[in-house]
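Pasted below: start.cif, mmCIF, C-alpha atoms and all ligand atoms.
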data_protein
#
loop_
_atom_site.group_PDB
_atom_site.id
_atom_site.type_symbol
_atom_site.label_atom_id
_atom_site.label_comp_id
_atom_site.auth_asym_id
_atom_site.auth_seq_id
_atom_site.Cartn_x
_atom_site.Cartn_y
_atom_site.Cartn_z
ATOM 1 C CA MET Y 26 0.000 0.000 0.000
ATOM 2 C CA ASP Y 27 1.202 3.496 -0.851
ATOM 3 C CA ILE Y 28 0.978 5.266 2.519
ATOM 4 C CA LYS Y 29 2.112 8.600 1.097
ATOM 5 C CA GLN Y 30 -0.667 8.566 -1.499
ATOM 6 C CA LEU Y 31 -3.212 7.555 1.157
ATOM 7 C CA ASP Y 32 -1.984 10.397 3.396
ATOM 8 C CA GLU Y 33 -2.315 12.947 0.573
ATOM 9 C CA PHE Y 34 -5.821 11.711 -0.203
ATOM 10 C CA ALA Y 35 -6.897 11.816 3.462
ATOM 11 C CA LYS Y 36 -5.650 15.396 3.868
ATOM 12 C CA GLU Y 37 -7.413 16.458 0.669
ATOM 13 C CA ILE Y 38 -10.818 15.166 1.805
ATOM 14 C CA ILE Y 39 -10.365 16.503 5.363
ATOM 15 C CA PHE Y 40 -9.694 20.018 4.029
ATOM 16 C CA GLU Y 41 -12.638 19.752 1.648
ATOM 17 C CA ALA Y 42 -14.972 18.542 4.421
ATOM 18 C CA GLY Y 43 -13.763 21.412 6.619
ATOM 19 C CA LYS Y 44 -14.641 23.916 3.907
ATOM 20 C CA ASN Y 45 -18.124 22.405 3.593
ATOM 21 C CA ILE Y 46 -18.669 22.576 7.362
ATOM 22 C CA ARG Y 47 -17.589 26.234 7.547
ATOM 23 C CA ALA Y 48 -20.014 27.016 4.702
ATOM 24 C CA ALA Y 49 -22.824 25.333 6.663
ATOM 25 C CA PHE Y 50 -22.926 28.247 9.120
ATOM 26 C CA SER Y 51 -24.599 30.325 6.420
ATOM 27 C CA TYR Y 52 -27.511 27.907 6.072
ATOM 28 C CA ASN Y 53 -29.720 25.871 8.377
ATOM 29 C CA ILE Y 54 -28.176 23.581 10.951
ATOM 30 C CA GLU Y 55 -30.799 21.132 12.265
ATOM 31 C CA ILE Y 56 -30.125 19.920 15.799
ATOM 32 C CA GLU Y 57 -31.416 16.634 17.240
ATOM 33 C CA THR Y 58 -30.636 14.716 20.417
ATOM 34 C CA LYS Y 59 -29.376 11.136 20.628
ATOM 35 C CA SER Y 60 -28.846 9.100 23.843
ATOM 36 C CA ASN Y 61 -29.788 11.998 26.189
ATOM 37 C CA PRO Y 62 -30.859 15.687 25.951
ATOM 38 C CA ASN Y 63 -27.201 16.839 25.989
ATOM 39 C CA ASP Y 64 -26.002 14.341 23.367
ATOM 40 C CA LEU Y 65 -26.413 16.345 20.150
ATOM 41 C CA VAL Y 66 -26.209 15.520 16.456
ATOM 42 C CA THR Y 67 -26.889 17.709 13.422
ATOM 43 C CA ASN Y 68 -27.543 17.234 9.723
ATOM 44 C CA ILE Y 69 -23.964 18.506 9.199
ATOM 45 C CA ASP Y 70 -22.463 15.654 11.298
ATOM 46 C CA ARG Y 71 -24.353 13.185 9.089
ATOM 47 C CA GLU Y 72 -23.642 14.938 5.784
ATOM 48 C CA THR Y 73 -19.933 15.153 6.604
ATOM 49 C CA GLU Y 74 -19.745 11.447 7.445
ATOM 50 C CA LEU Y 75 -21.578 10.604 4.181
ATOM 51 C CA PHE Y 76 -19.155 12.838 2.260
ATOM 52 C CA PHE Y 77 -16.211 10.867 3.687
ATOM 53 C CA ILE Y 78 -17.836 7.506 2.920
ATOM 54 C CA GLU Y 79 -18.570 8.461 -0.695
ATOM 55 C CA ARG Y 80 -15.086 9.826 -1.336
ATOM 56 C CA ILE Y 81 -13.295 6.902 0.355
ATOM 57 C CA LYS Y 82 -15.371 4.254 -1.441
ATOM 58 C CA ALA Y 83 -14.613 5.976 -4.772
ATOM 59 C CA PHE Y 84 -10.893 5.943 -3.854
ATOM 60 C CA ASN Y 85 -10.945 2.266 -2.861
ATOM 61 C CA PRO Y 86 -14.152 0.247 -2.424
ATOM 62 C CA ASP Y 87 -12.362 -2.268 -0.152
ATOM 63 C CA HIS Y 88 -11.681 0.340 2.527
ATOM 64 C CA ARG Y 89 -14.241 0.208 5.341
ATOM 65 C CA ILE Y 90 -15.482 3.097 7.464
ATOM 66 C CA LEU Y 91 -16.329 3.072 11.176
ATOM 67 C CA GLY Y 92 -18.024 6.417 11.770
ATOM 68 C CA GLU Y 93 -19.817 7.846 14.791
ATOM 69 C CA GLU Y 94 -23.077 8.445 12.946
ATOM 70 C CA GLY Y 95 -23.208 4.898 11.543
ATOM 71 C CA MET Y 96 -23.881 5.989 7.982
ATOM 72 C CA GLY Y 97 -21.652 3.240 6.562
ATOM 73 C CA GLU Y 98 -21.543 -0.541 6.904
ATOM 74 C CA THR Y 99 -21.352 -2.303 10.278
ATOM 75 C CA VAL Y 100 -17.704 -2.720 11.277
ATOM 76 C CA ASP Y 101 -17.139 -5.321 13.997
ATOM 77 C CA ASN Y 102 -13.481 -6.120 13.345
ATOM 78 C CA LEU Y 103 -10.427 -4.209 12.137
ATOM 79 C CA LYS Y 104 -9.381 -6.498 9.265
ATOM 80 C CA GLY Y 105 -8.009 -4.797 6.147
ATOM 81 C CA VAL Y 106 -8.095 -1.003 5.877
ATOM 82 C CA VAL Y 107 -10.521 0.661 8.286
ATOM 83 C CA TRP Y 108 -11.050 4.419 8.549
ATOM 84 C CA ILE Y 109 -12.245 5.375 12.043
ATOM 85 C CA ILE Y 110 -13.973 8.725 11.601
ATOM 86 C CA ASP Y 111 -15.574 11.337 13.808
ATOM 87 C CA PRO Y 112 -16.972 13.859 11.302
ATOM 88 C CA ILE Y 113 -17.484 16.482 14.025
ATOM 89 C CA ASP Y 114 -15.917 15.963 17.451
ATOM 90 C CA GLY Y 115 -17.400 18.534 19.812
ATOM 91 C CA THR Y 116 -20.867 18.829 18.293
ATOM 92 C CA MET Y 117 -22.046 20.954 21.212
ATOM 93 C CA ASN Y 118 -19.203 23.400 20.514
ATOM 94 C CA PHE Y 119 -20.143 23.353 16.818
ATOM 95 C CA VAL Y 120 -23.756 24.219 17.619
ATOM 96 C CA LYS Y 121 -23.229 26.613 20.518
ATOM 97 C CA GLN Y 122 -19.793 28.184 20.052
ATOM 98 C CA HIS Y 123 -19.137 27.896 16.322
ATOM 99 C CA ARG Y 124 -15.538 26.917 17.162
ATOM 100 C CA HIS Y 125 -13.492 24.286 18.999
ATOM 101 C CA PHE Y 126 -14.758 21.296 17.028
ATOM 102 C CA MET Y 127 -12.568 18.846 15.097
ATOM 103 C CA ILE Y 128 -12.658 16.385 12.254
ATOM 104 C CA THR Y 129 -10.664 13.404 13.461
ATOM 105 C CA ILE Y 130 -9.662 10.296 11.519
ATOM 106 C CA GLY Y 131 -7.486 7.252 12.184
ATOM 107 C CA ILE Y 132 -6.606 4.858 9.374
ATOM 108 C CA TYR Y 133 -5.923 1.300 10.555
ATOM 109 C CA VAL Y 134 -4.468 -1.611 8.568
ATOM 110 C CA ASP Y 135 -5.295 -4.991 10.148
ATOM 111 C CA GLY Y 136 -5.819 -3.221 13.473
ATOM 112 C CA VAL Y 137 -2.565 -1.248 13.397
ATOM 113 C CA GLY Y 138 -2.813 2.555 13.285
ATOM 114 C CA VAL Y 139 -0.905 3.966 10.295
ATOM 115 C CA LEU Y 140 -2.250 7.496 9.743
ATOM 116 C CA GLY Y 141 -3.837 9.870 12.267
ATOM 117 C CA TYR Y 142 -5.489 13.288 11.851
ATOM 118 C CA ILE Y 143 -7.068 15.927 14.072
ATOM 119 C CA PHE Y 144 -8.264 18.993 12.156
ATOM 120 C CA ASP Y 145 -9.508 22.139 13.876
ATOM 121 C CA VAL Y 146 -12.116 23.167 11.327
ATOM 122 C CA MET Y 147 -12.406 26.888 12.166
ATOM 123 C CA ARG Y 148 -8.698 27.556 12.774
ATOM 124 C CA GLU Y 149 -7.731 25.301 9.845
ATOM 125 C CA ASP Y 150 -5.071 23.723 12.062
ATOM 126 C CA LEU Y 151 -3.973 20.175 11.279
ATOM 127 C CA PHE Y 152 -2.279 17.753 13.678
ATOM 128 C CA ASN Y 153 -1.268 14.549 11.908
ATOM 129 C CA ALA Y 154 1.042 11.556 12.057
ATOM 130 C CA ILE Y 155 2.438 8.785 9.914
ATOM 131 C CA ALA Y 156 3.197 5.829 12.198
ATOM 132 C CA GLY Y 157 6.922 5.227 12.537
ATOM 133 C CA VAL Y 158 7.765 8.354 10.545
ATOM 134 C CA GLY Y 159 6.671 11.314 12.656
ATOM 135 C CA ALA Y 160 3.977 13.782 13.666
ATOM 136 C CA TRP Y 161 3.290 17.336 12.525
ATOM 137 C CA TYR Y 162 1.362 20.452 13.406
ATOM 138 C CA ASN Y 163 0.632 22.316 10.160
ATOM 139 C CA ASP Y 164 3.622 20.599 8.544
ATOM 140 C CA SER Y 165 6.067 21.543 11.355
ATOM 141 C CA PRO Y 166 7.419 18.452 13.176
ATOM 142 C CA LEU Y 167 6.072 17.832 16.684
ATOM 143 C CA ARG Y 168 8.800 17.109 19.238
ATOM 144 C CA LYS Y 169 8.940 14.202 21.668
ATOM 145 C CA LEU Y 170 7.245 15.263 24.909
ATOM 146 C CA GLN Y 171 9.635 16.483 27.590
ATOM 147 C CA PRO Y 172 9.200 15.367 31.239
ATOM 148 C CA VAL Y 173 6.882 17.462 33.411
ATOM 149 C CA LYS Y 174 6.309 17.409 37.176
ATOM 150 C CA ILE Y 175 2.751 16.815 38.332
ATOM 151 C CA GLU Y 176 2.840 20.150 40.228
ATOM 152 C CA GLU Y 177 3.585 21.920 36.939
ATOM 153 C CA ALA Y 178 1.111 19.997 34.806
ATOM 154 C CA VAL Y 179 -1.948 21.519 33.121
ATOM 155 C CA ILE Y 180 -4.605 18.864 32.651
ATOM 156 C CA GLY Y 181 -7.807 18.551 30.617
ATOM 157 C CA ILE Y 182 -10.623 17.387 32.855
ATOM 158 C CA ASN Y 183 -14.298 18.313 33.107
ATOM 159 C CA ALA Y 184 -16.265 19.330 36.176
ATOM 160 C CA ASN Y 185 -18.145 16.009 36.417
ATOM 161 C CA TRP Y 186 -14.968 14.421 37.753
ATOM 162 C CA VAL Y 187 -15.013 16.492 40.942
ATOM 163 C CA THR Y 188 -18.680 15.908 41.781
ATOM 164 C CA PRO Y 189 -19.882 12.659 43.398
ATOM 165 C CA ASN Y 190 -20.382 10.054 40.661
ATOM 166 C CA THR Y 191 -20.808 6.327 40.185
ATOM 167 C CA ARG Y 192 -17.576 5.742 38.241
ATOM 168 C CA ILE Y 193 -14.656 6.991 40.325
ATOM 169 C CA ASN Y 194 -13.766 8.327 43.777
ATOM 170 C CA HIS Y 195 -14.083 12.068 43.195
ATOM 171 C CA GLU Y 196 -12.207 12.923 46.421
ATOM 172 C CA LYS Y 197 -8.996 11.659 44.798
ATOM 173 C CA ILE Y 198 -9.674 13.796 41.740
ATOM 174 C CA ILE Y 199 -10.088 16.845 43.965
ATOM 175 C CA GLU Y 200 -6.578 16.076 45.292
ATOM 176 C CA LEU Y 201 -5.307 15.889 41.716
ATOM 177 C CA VAL Y 202 -6.923 19.215 40.810
ATOM 178 C CA GLN Y 203 -5.365 20.790 43.918
ATOM 179 C CA THR Y 204 -1.942 19.373 43.036
ATOM 180 C CA VAL Y 205 -1.615 20.407 39.380
ATOM 181 C CA ARG Y 206 -0.826 23.890 38.093
ATOM 182 C CA GLY Y 207 -4.111 24.254 36.236
ATOM 183 C CA THR Y 208 -7.101 22.552 34.631
ATOM 184 C CA ARG Y 209 -8.893 23.139 31.333
ATOM 185 C CA SER Y 210 -12.069 21.766 29.769
ATOM 186 C CA TYR Y 211 -12.626 22.247 26.042
ATOM 187 C CA GLY Y 212 -15.548 19.951 25.181
ATOM 188 C CA SER Y 213 -13.812 18.158 22.312
ATOM 189 C CA ALA Y 214 -11.867 15.012 23.165
ATOM 190 C CA ALA Y 215 -9.913 15.215 19.910
ATOM 191 C CA MET Y 216 -8.925 18.822 20.591
ATOM 192 C CA GLU Y 217 -7.696 17.909 24.075
ATOM 193 C CA ILE Y 218 -5.700 14.993 22.647
ATOM 194 C CA ALA Y 219 -4.216 17.371 20.042
ATOM 195 C CA PHE Y 220 -3.173 19.636 22.905
ATOM 196 C CA VAL Y 221 -1.529 16.767 24.827
ATOM 197 C CA VAL Y 222 0.496 15.604 21.804
ATOM 198 C CA SER Y 223 1.699 19.158 21.204
ATOM 199 C CA GLY Y 224 2.485 19.890 24.877
ATOM 200 C CA LYS Y 225 -0.297 22.454 25.378
ATOM 201 C CA LEU Y 226 -1.854 20.113 27.948
ATOM 202 C CA ASP Y 227 0.018 17.432 29.928
ATOM 203 C CA ALA Y 228 -2.924 15.048 30.375
ATOM 204 C CA TYR Y 229 -6.554 14.570 29.370
ATOM 205 C CA MET Y 230 -9.012 12.080 30.814
ATOM 206 C CA SER Y 231 -12.560 10.996 30.060
ATOM 207 C CA MET Y 232 -14.967 8.575 31.708
ATOM 208 C CA ARG Y 233 -16.472 7.383 28.448
ATOM 209 C CA LEU Y 234 -15.141 7.719 24.937
ATOM 210 C CA ALA Y 235 -15.769 5.865 21.701
ATOM 211 C CA PRO Y 236 -13.202 4.605 19.158
ATOM 212 C CA TRP Y 237 -13.891 7.555 16.813
ATOM 213 C CA ASP Y 238 -13.090 10.083 19.551
ATOM 214 C CA ILE Y 239 -9.524 8.800 19.920
ATOM 215 C CA GLY Y 240 -8.762 6.684 16.819
ATOM 216 C CA GLY Y 241 -6.785 9.445 15.096
ATOM 217 C CA GLY Y 242 -5.274 10.968 18.220
ATOM 218 C CA VAL Y 243 -3.634 7.824 19.589
ATOM 219 C CA ILE Y 244 -1.635 7.398 16.353
ATOM 220 C CA ILE Y 245 -0.232 10.916 16.795
ATOM 221 C CA ALA Y 246 0.337 10.212 20.508
ATOM 222 C CA LYS Y 247 2.634 7.275 19.772
ATOM 223 C CA GLU Y 248 4.921 9.397 17.600
ATOM 224 C CA VAL Y 249 5.548 11.986 20.344
ATOM 225 C CA GLY Y 250 5.710 9.518 23.238
ATOM 226 C CA ALA Y 251 2.383 10.390 24.873
ATOM 227 C CA VAL Y 252 0.874 7.405 26.701
ATOM 228 C CA ALA Y 253 -2.786 6.525 26.075
ATOM 229 C CA THR Y 254 -4.690 3.817 27.969
ATOM 230 C CA ASN Y 255 -8.011 3.278 29.689
ATOM 231 C CA LEU Y 256 -8.270 4.039 33.418
ATOM 232 C CA ASP Y 257 -7.162 0.481 34.230
ATOM 233 C CA GLY Y 258 -3.889 1.215 32.452
ATOM 234 C CA LYS Y 259 -4.832 -1.221 29.692
ATOM 235 C CA ASP Y 260 -5.249 -0.713 25.933
ATOM 236 C CA PHE Y 261 -8.401 1.184 24.961
ATOM 237 C CA ASP Y 262 -11.128 -1.138 23.663
ATOM 238 C CA TYR Y 263 -11.529 -0.165 19.977
ATOM 239 C CA LEU Y 264 -14.759 -1.989 19.344
ATOM 240 C CA SER Y 265 -16.796 -0.493 22.190
ATOM 241 C CA LYS Y 266 -16.710 2.453 24.618
ATOM 242 C CA ASP Y 267 -14.123 2.810 27.342
ATOM 243 C CA THR Y 268 -12.548 5.134 29.885
ATOM 244 C CA PHE Y 269 -9.511 7.071 28.646
ATOM 245 C CA LEU Y 270 -6.341 8.735 29.902
ATOM 246 C CA ILE Y 271 -3.701 10.274 27.665
ATOM 247 C CA ALA Y 272 -0.724 11.938 29.308
ATOM 248 C CA ASN Y 273 2.883 12.981 29.166
ATOM 249 C CA PRO Y 274 4.853 9.760 29.875
ATOM 250 C CA SER Y 275 6.337 11.245 33.073
ATOM 251 C CA ILE Y 276 2.936 11.553 34.798
ATOM 252 C CA HIS Y 277 0.678 8.924 33.195
ATOM 253 C CA GLN Y 278 1.352 6.104 35.668
ATOM 254 C CA LEU Y 279 1.393 8.506 38.622
ATOM 255 C CA ILE Y 280 -2.097 9.766 37.758
ATOM 256 C CA LEU Y 281 -3.400 6.195 37.503
ATOM 257 C CA ASP Y 282 -1.722 5.016 40.732
ATOM 258 C CA LYS Y 283 -2.310 8.002 42.967
ATOM 259 C CA TYR Y 284 -5.473 9.712 41.777
ATOM 260 C CA ILE Y 285 -7.706 7.239 39.923
ATOM 261 C CA GLU Y 286 -9.775 4.955 42.122
ATOM 262 C CA GLU Y 287 -12.474 3.307 40.049
ATOM 263 C CA LYS Y 288 -15.701 2.088 41.639
ATOM 264 C CA LYS Y 289 -16.317 -1.438 40.364
HETATM 265 P P1 LIG Y 301 -18.926 14.317 20.112
HETATM 266 O O1 LIG Y 301 -19.065 15.781 20.135
HETATM 267 O O2 LIG Y 301 -18.386 13.780 18.817
HETATM 268 O O3 LIG Y 301 -20.165 13.591 20.505
HETATM 269 C C1 LIG Y 301 -17.509 16.108 25.029
HETATM 270 O O4 LIG Y 301 -17.129 16.143 26.340
HETATM 271 C C2 LIG Y 301 -16.591 15.142 24.300
HETATM 272 O O5 LIG Y 301 -16.969 13.800 24.612
HETATM 273 C C3 LIG Y 301 -16.694 15.279 22.809
HETATM 274 O O6 LIG Y 301 -15.459 14.906 22.250
HETATM 275 C C4 LIG Y 301 -17.792 14.296 22.478
HETATM 276 O O7 LIG Y 301 -17.769 13.863 21.145
HETATM 277 C C5 LIG Y 301 -17.438 13.162 23.417
HETATM 278 N N1 LIG Y 301 -18.530 12.243 23.719
HETATM 279 C C6 LIG Y 301 -18.434 10.896 23.683
HETATM 280 N N2 LIG Y 301 -19.607 10.324 24.011
HETATM 281 C C7 LIG Y 301 -20.488 11.334 24.247
HETATM 282 C C8 LIG Y 301 -21.881 11.378 24.622
HETATM 283 N N3 LIG Y 301 -22.619 10.282 24.814
HETATM 284 N N4 LIG Y 301 -22.446 12.584 24.777
HETATM 285 C C9 LIG Y 301 -21.731 13.711 24.576
HETATM 286 N N5 LIG Y 301 -20.416 13.714 24.236
HETATM 287 C C10 LIG Y 301 -19.795 12.551 24.065
HETATM 288 CA CA CA Y 302 -21.711 12.690 19.222
HETATM 289 CA CA CA Y 303 -16.567 12.543 19.350
HETATM 290 CA CA CA Y 304 -19.006 13.423 16.685
#
As a first step, turn the structure in this file into structure tokens.
Amino acid sequence: MDIKQLDEFAKEIIFEAGKNIRAAFSYNIEIETKSNPNDLVTNIDRETELFFIERIKAFNPDHRILGEEGMGETVDNLKGVVWIIDPIDGTMNFVKQHRHFMITIGIYVDGVGVLGYIFDVMREDLFNAIAGVGAWYNDSPLRKLQPVKIEEAVIGINANWVTPNTRINHEKIIELVQTVRGTRSYGSAAMEIAFVVSGKLDAYMSMRLAPWDIGGGVIIAKEVGAVATNLDGKDFDYLSKDTFLIANPSIHQLILDKYIEEKK
């Protein structure tokens, strides 16, 4: 397989999809809810996923697409070439803030990540990686992450973590928040992963993410030495939903050991 050609093609359709999404602000965006009143989807999420499916199938009909909106075929294994796509990551930001939403794509060959993309649609900023070759931010190489002390870390975490919940001991998270230099919450998992791989955040955690939220980001993470696991410290489960922690390698294990206490 010609990875360079595949990379060029992926970038071309990501930029084109981005242009289409930006144009959508001048016509009607229809908002619906999915699993709960705060879980949003729009016609633009669906149209963007369909755009990717049509273009990829025309490029190579054997490539399969696992997309959040389920507009393609059912994908229950990662055999062959699989594109894991979130057409809009941060739909609430898209609808409410008109910024801070990403297109993110991971291309997997027999389950191994080969190409990863996170594209900030409004800023037209691209984070990408070719496995084993390197990672880039708008074509400038991303450096390996340098060690950081937990006291100097800035971490991506949302407010639900510090309120009583059924998943984890929130008292420990309060300790973490009091220990680190600062916290941020952006509302797009892909954006927060992009920030970790480029050193703008030192960690990001989520209680429930899907393969399309992280499928592109983890390929970039590997190239810069960021560590990504679930909250048990194990590999993320690509065929369902899972907890997630990505961090600078100097604090990943410390966060798991000292501050994460899951309720089982
Ligand atoms: P989405 O916008 O593509 O749905 C919001 O905190 C982040 O979590 C976003 O990246 C969002 O992706 C993701 N997310 C995953 N599952 C979600 C859900 N059920 N409801 C809302 N956001 C979800
Ligand atoms: Ca969604
Ligand atoms: Ca998402
Ligand atoms: Ca989405």
Selection dump of the PyMOL selection byres (((chain Y and resi 41) around 12) and not hetatm), as a ChimeraX atom specification: /Y:34-40,42-48,73,76-77,80,128,144,146,149
For Arg192 (chain Y), the nearest of the candidates Y:Met232, Y:Met117, Y:Ile130, Y:Ala253, counting only C-alpha atoms: Y:Met232
Closest of Y:Ile69, Y:Leu234, Y:Ala160, Y:Ile193 to ligand LIG 301 (chain Y) - atom-to-atom distances counting only C-alpha atoms and all ligand atoms: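 Between Y:Ile69, Y:Leu234, Y:Ala160, Y:Ile193, the residue approaching ligand LIG 301 (chain Y) most closely is Y:Leu234.
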Distance filter 6 Å around ligand CA 304 (chain Y), atoms: all atoms listed in the file, out as a list in words: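 Result of the 6 Å neighbour search around ligand CA 304 (chain Y): Glu93, Asp111, Pro112, Ile113, Asp114 and Thr116 of chain Y.
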Pick from Y:Ile245, Y:Val187, Y:Ala272, Y:Val66 nearest to ligand CA 302 (chain Y), counting only C-alpha atoms and all ligand atoms: Y:Val66
Long-range neighbours of Thr204 (chain Y) as a ChimeraX atom specification, 9 Å cut-off, only C-alpha atoms, 5 positions minimum in chain: /Y:175-178,199
Closest of Y:Asn61, Y:Ser223, Y:Asn153, Y:Ser231 to Ile132 (chain Y) - atom-to-atom distances counting all atoms listed in the file: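 Closest residue, counting all atoms listed in the file: Y:Asn153.
Surrounding residues of (7.0, 15.2, 23.5) at most 10 Å away are Y:Leu167, Y:Arg168, Y:Lys169, Y:Leu170, Y:Gln171, Y:Pro172, Y:Val221, Y:Val222, Y:Ser223, Y:Gly224, Y:Asp227, Y:Ala246, Y:Lys247, Y:Glu248, Y:Val249, Y:Gly250, Y:Ala251, Y:Asn273, Y:Pro274 (based on only C-alpha atoms).
CA of Ile218 (chain Y) lies 7.2 Å from CA of Ile271 (chain Y).
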Spatial neighbours of Ala214 (chain Y), max dist 9 Å, only C-alpha atoms, sep filter under 5 positions, as a list in words: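 My reading of the contact set: Asp114, Gly115, Met127, Ala219, Tyr229, Met230, Ser231, Leu234, Asp238 and Ile239 of chain Y.
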Using the chain letters and numbers from this file, what does the PyMOL selection byres (((chain Y and resi 103) around 7) and not hetatm) select? Give the answer as a tab-separated table (two decimals) with C-alpha atoms, keeping the file's coordinate frame.
chain	number	residue	atom	x	y	z
Y	102	ASN	CA	-13.48	-6.12	13.34
Y	104	LYS	CA	-9.38	-6.50	9.26
Y	105	GLY	CA	-8.01	-4.80	6.15
Y	107	VAL	CA	-10.52	0.66	8.29
Y	135	ASP	CA	-5.30	-4.99	10.15
Y	136	GLY	CA	-5.82	-3.22	13.47
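Proximity ranking of Y:Trp186, Y:Trp237, Y:Tyr263, Y:Tyr142 relative to ligand CA 303 (chain Y) places Y:Trp237 first, based on all atoms listed in the file.
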Residues within 10 Å of Ile285 (chain Y), all atoms listed in the file, excluding chain neighbours under 6 positions, as a list in words: Ile193, Asn194, His195, Glu196, Lys197, Ile198, Leu201, Leu256, Asp257 and Leu279 of chain Y
Between CA of Gly242 (chain Y) and atom CA of ligand CA 302 (chain Y), distance in Å (one decimal):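 Answer for the CA of Gly242 (chain Y) to atom CA of ligand CA 302 (chain Y) separation: 16.6 Å.
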Cut-off 12 Å around (6.0, 16.8, 3.4) with all atoms listed in the file: residues as an NGL selection string: :Y and (29-30 or 32-33 or 36 or 153-155 or 158-166)
Minimum-distance residue to ligand LIG 301 (chain Y), chosen among Y:Gly97, Y:Pro86, Y:Pro62, Y:Gly157 (using all atoms listed in the file):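 With all atoms listed in the file as the atom set, the closest residue is Y:Pro62.
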Interatomic distance, CA of Asn185 (chain Y) to atom O4 of ligand LIG 301 (chain Y) (Å, one decimal): 10.1 Å
Axis-aligned box over every listed atom of ligand LIG 301 (chain Y), padded by 6 Å per side: centre and edges in Å to one decimal, as lines of an AutoDock Vina configuration file?
center_x = -19.0
center_y = 13.2
center_z = 22.6
size_x = 19.2
size_y = 17.9
size_z = 19.5
Given the file shown, enumerate the residues that the PyMOL selection byres (((chain Y and resi 258) around 12) and not hetatm) captures and present them as a PDB file with C-alpha atoms, in the frame of the given file.
ATOM      1  CA  VAL Y 252       0.874   7.405  26.701  1.00  0.00           C
ATOM      2  CA  ALA Y 253      -2.786   6.525  26.075  1.00  0.00           C
ATOM      3  CA  THR Y 254      -4.690   3.817  27.969  1.00  0.00           C
ATOM      4  CA  ASN Y 255      -8.011   3.278  29.689  1.00  0.00           C
ATOM      5  CA  LEU Y 256      -8.270   4.039  33.418  1.00  0.00           C
ATOM      6  CA  ASP Y 257      -7.162   0.481  34.230  1.00  0.00           C
ATOM      7  CA  LYS Y 259      -4.832  -1.221  29.692  1.00  0.00           C
ATOM      8  CA  ASP Y 260      -5.249  -0.713  25.933  1.00  0.00           C
ATOM      9  CA  PHE Y 261      -8.401   1.184  24.961  1.00  0.00           C
ATOM     10  CA  ASP Y 262     -11.128  -1.138  23.663  1.00  0.00           C
ATOM     11  CA  ASP Y 267     -14.123   2.810  27.342  1.00  0.00           C
ATOM     12  CA  THR Y 268     -12.548   5.134  29.885  1.00  0.00           C
ATOM     13  CA  PHE Y 269      -9.511   7.071  28.646  1.00  0.00           C
ATOM     14  CA  LEU Y 270      -6.341   8.735  29.902  1.00  0.00           C
ATOM     15  CA  ILE Y 271      -3.701  10.274  27.665  1.00  0.00           C
ATOM     16  CA  ALA Y 272      -0.724  11.938  29.308  1.00  0.00           C
ATOM     17  CA  HIS Y 277       0.678   8.924  33.195  1.00  0.00           C
ATOM     18  CA  GLN Y 278       1.352   6.104  35.668  1.00  0.00           C
ATOM     19  CA  LEU Y 279       1.393   8.506  38.622  1.00  0.00           C
ATOM     20  CA  ILE Y 280      -2.097   9.766  37.758  1.00  0.00           C
ATOM     21  CA  LEU Y 281      -3.400   6.195  37.503  1.00  0.00           C
ATOM     22  CA  ASP Y 282      -1.722   5.016  40.732  1.00  0.00           C
ATOM     23  CA  ILE Y 285      -7.706   7.239  39.923  1.00  0.00           C
ATOM     24  CA  GLU Y 286      -9.775   4.955  42.122  1.00  0.00           C
ATOM     25  CA  GLU Y 287     -12.474   3.307  40.049  1.00  0.00           C
TER      26      GLU Y 287
END
